[in-house]
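What follows is one structure encoded as structure tokens, with my remarks underneath.
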Amino acid sequence: MTEIVKQQENSENEITTEIVGITALESMERASIDMQITTAKKYPMHNPKMLSKVKENMLTLATLDEETAAACFYTLPRGGKAIQGPSVRLAEIALNCYGNIRVGTRIIEVDDRTSTPHVVIQAVCHDLENNALITIEKRRRITKKKFNERIDEDDIQLAVNACTSIAYRDAAFKLIPMALIKPVWQAAKALAIGDIRSLNAKRIEVVEKLKKMGAFEERILAVVGCRKVEDIGVEELGQLIGLGTALKDGDTTLEEAFPNITKPELGV
């Protein structure tokens with residue numbers, strides 16, 4: 001076992017020395033990180049010339065095809081509004097192109113026995129070149145499938161997967177500059193939505209995909225405030241594409257994305 005010396009000041013302002021043991025595995029991990037930092041310093045990526053190349057590579061991957069572009073942004077219903085942002089798929093592309101960065105996730109807590117079952121996931125993103133570290137913890141409730149009496153392993157795994165994606169995404173976008181992310185996100189959104197010439201075919205395609213995911217057509221139309229599919233415009237189409245991405249990534253559920261339509265009572 002490797003040993004290190006740890007010094008600390010006690011209540012009487014005296015310096016005490018303590019020998020702290022480090023396992024072989026911990027020693028190897030420290031050496032690995034030190035080597036990665038050294039390599040990152042030797043081959044820097046974060047200068048104007050290289051960052052321009054990073055942005056170009058991100059644009060190429062994010063706009064490779066319409067399906068990839070559609071997966072690069074999400075829409076979430078929050079407080080009666082539609083909130084959009086870059087998705088976990090775009091985070092994966094960004095991390096792949098940015099370089100000199102490491103990211104990891106782990107399960108902190110799984111609570112399936114209390115009245116508020118949930119999982120907690122921690123994500124760590126480390127910029128090796130600048131030696132900047134971001135740690136994020138995300139909490140996600142565990143929802144049981146219909147007709148189940150109690151939460152099972154599948155329910156837990158679904159919550160873990162969804163929470164991991166969210167924590168991974170948020171950690172990445174806390175560290176990678178939004179100045180690089182935003183133009184790529186906007187370009188992907190523009191490709192996924194298309195223009196006015198392709199609008200008719202696109203809106204039918206998107207509505208059919210959402211219906212296959214379990215959404216009812218009347219709820220889909222209600223969310224974007226349209227009476228029929230033909231009324232869906234470019235802005236509404238982008239909202240629906242983002243909701244589809246959020247459903248795939250586990251950011252939201254069908255009930256949250258497409259809530260039941262409240263019908264007025266007779267005489268009101």
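Residue numbers start at 1 in each chain; chains themselves are named A, B, ... in the order of the structure tokens; ligands are numbered from 1 in the order shown.
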Can you write out as CSV which residues of region 11-74 of chain A fall within 6 Å of region 122-145 of chain A, alongside each residue's closest atom pair and its distance in Å to one decimal, counting only C-alpha atoms and ordering rows by chain and ascending residue number?
residue,atom,partner,partner_atom,distance
A:Ile37,CA,A:Leu128,CA,5.0
A:Ala40,CA,A:Glu129,CA,5.0
A:Lys41,CA,A:Glu129,CA,5.4
Give me, as CSV, the closest atom pair and its distance (Å, one decimal) for every residue of region 65-94 of chain A within a cut-off of 8 Å of region 153-173 of chain A, counting only C-alpha atoms, rows sorted by chain and rising number.
residue,atom,partner,partner_atom,distance
A:Ser87,CA,A:Arg169,CA,6.8
A:Val88,CA,A:Arg169,CA,4.8
A:Ala91,CA,A:Arg169,CA,5.5
A:Glu92,CA,A:Arg169,CA,7.9
Write the selection just made, keeping C-alpha atoms, as a PDB file, in the first residue's frame?
ATOM      1  CA  SER A  87     -30.041  17.356 -25.695  1.00  0.00           C
ATOM      2  CA  VAL A  88     -27.832  14.565 -24.374  1.00  0.00           C
ATOM      3  CA  ALA A  91     -23.675  16.609 -25.390  1.00  0.00           C
ATOM      4  CA  GLU A  92     -22.167  13.347 -26.657  1.00  0.00           C
TER       5      GLU A  92
END
### Message
I'd like the neighbourhood of region 215-222 of chain A as a PyMOL selection string, where a residue qualifies if any of its atoms comes within 12 Å (using only C-alpha atoms), though same-chain residues fewer than 2 positions away should be ignored.
### Response
chain A and resi 203-204+206-213+224-233+236-237+239-241+243-244+247+253-263
### Message
To one decimal place in Å, what is the distance between CA of Gly104 (chain A) and CA of Ala246 (chain A)?
### Response
21.4 Å
### Message
I'd like the neighbourhood of Phe73 (chain A) as JSON, numbers by chain, where a residue qualifies if any of its atoms comes within 9 Å (using only C-alpha atoms), though same-chain residues fewer than 3 positions away should be ignored.
### Response
{"A": [69, 70, 84, 85, 86, 87, 88, 89, 90, 185, 186, 188, 189, 241, 242, 243, 245, 246]}
### Query
Using only C-alpha atoms, which of the listed residues (A:Ile107, A:Ile151, A:Leu76, A:Leu199) sits closest to Asp249 (chain A)?
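Smallest separation from Asp249 (chain A) among the options: A:Leu76.
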### Message
Could you tell me how far CA of Asp251 (chain A) sits from CA of Val223 (chain A), in Å to one decimal place?
### Response
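These atoms are spaced 17.0 Å apart.
In this model, the gap between CA of Ala192 (chain A) and CA of Glu66 (chain A) comes to 5.1 Å.
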### Task
Please give the complete set of residues from region 76-210 of chain A that DSSP, run on the backbone, assigns to alpha helix (DSSP H), formatted as an MDAnalysis selection string.
chainID A and resid 88:98 153:175 178:193 199:210
Output for the residues just chosen: C-alpha atoms as a short mmCIF file (atom, residue, chain, number, x, y, z; two decimals), in the first residue's frame:
data_model
loop_
_atom_site.label_atom_id
_atom_site.label_comp_id
_atom_site.auth_asym_id
_atom_site.auth_seq_id
_atom_site.Cartn_x
_atom_site.Cartn_y
_atom_site.Cartn_z
CA VAL A 88 -27.83 14.57 -24.37
CA ARG A 89 -27.13 13.49 -27.98
CA LEU A 90 -25.62 16.92 -28.66
CA ALA A 91 -23.67 16.61 -25.39
CA GLU A 92 -22.17 13.35 -26.66
CA ILE A 93 -21.20 15.00 -29.95
CA ALA A 94 -19.73 18.02 -28.13
CA LEU A 95 -17.65 15.91 -25.74
CA ASN A 96 -16.37 13.78 -28.60
CA CYS A 97 -15.19 16.84 -30.54
CA TYR A 98 -14.06 19.09 -27.67
CA GLU A 153 -36.24 -3.63 -11.31
CA ASP A 154 -37.39 -2.36 -14.71
CA ASP A 155 -38.91 0.75 -13.13
CA ILE A 156 -35.69 1.45 -11.25
CA GLN A 157 -33.53 0.91 -14.34
CA LEU A 158 -35.67 3.27 -16.41
CA ALA A 159 -35.32 5.98 -13.77
CA VAL A 160 -31.56 5.42 -13.49
CA ASN A 161 -31.09 5.60 -17.28
CA ALA A 162 -33.14 8.78 -17.61
CA CYS A 163 -31.46 10.47 -14.64
CA THR A 164 -28.00 9.47 -15.89
CA SER A 165 -28.65 11.06 -19.28
CA ILE A 166 -29.84 14.30 -17.67
CA ALA A 167 -26.87 14.50 -15.28
CA TYR A 168 -24.40 13.67 -18.08
CA ARG A 169 -25.91 16.35 -20.33
CA ASP A 170 -26.02 19.09 -17.69
CA ALA A 171 -22.44 18.43 -16.54
CA ALA A 172 -21.14 18.59 -20.11
CA PHE A 173 -22.92 21.85 -20.88
CA LYS A 174 -21.68 23.41 -17.64
CA LEU A 175 -18.10 22.91 -18.81
CA MET A 178 -22.32 27.70 -24.76
CA ALA A 179 -20.70 29.85 -27.44
CA LEU A 180 -19.80 26.57 -29.14
CA ILE A 181 -23.02 24.73 -28.34
CA LYS A 182 -25.65 27.30 -29.30
CA PRO A 183 -24.86 27.69 -33.05
CA VAL A 184 -24.65 23.91 -33.46
CA TRP A 185 -27.95 23.45 -31.63
CA GLN A 186 -29.64 26.10 -33.81
CA ALA A 187 -28.26 24.57 -37.03
CA ALA A 188 -29.48 21.11 -36.03
CA LYS A 189 -32.92 22.51 -35.20
CA ALA A 190 -33.13 24.29 -38.57
CA LEU A 191 -32.25 21.09 -40.45
CA ALA A 192 -34.71 18.96 -38.46
CA ILE A 193 -37.60 21.36 -39.01
CA LEU A 199 -43.55 21.59 -43.94
CA ASN A 200 -46.56 19.53 -45.04
CA ALA A 201 -44.65 16.23 -45.24
CA LYS A 202 -42.67 16.95 -42.05
CA ARG A 203 -45.65 17.66 -39.82
CA ILE A 204 -47.44 14.49 -40.90
CA GLU A 205 -44.26 12.47 -40.29
CA VAL A 206 -43.67 13.97 -36.83
CA VAL A 207 -47.28 13.50 -35.69
CA GLU A 208 -47.23 9.87 -36.82
CA LYS A 209 -43.99 9.23 -34.91
CA LEU A 210 -45.48 10.71 -31.73
#
### Query
Of the candidates A:Val103, A:Asp152, A:Ala82, A:Pro177, which shows the shortest atom-to-atom distance to Leu51 (chain A), using only C-alpha atoms?
A:Pro177
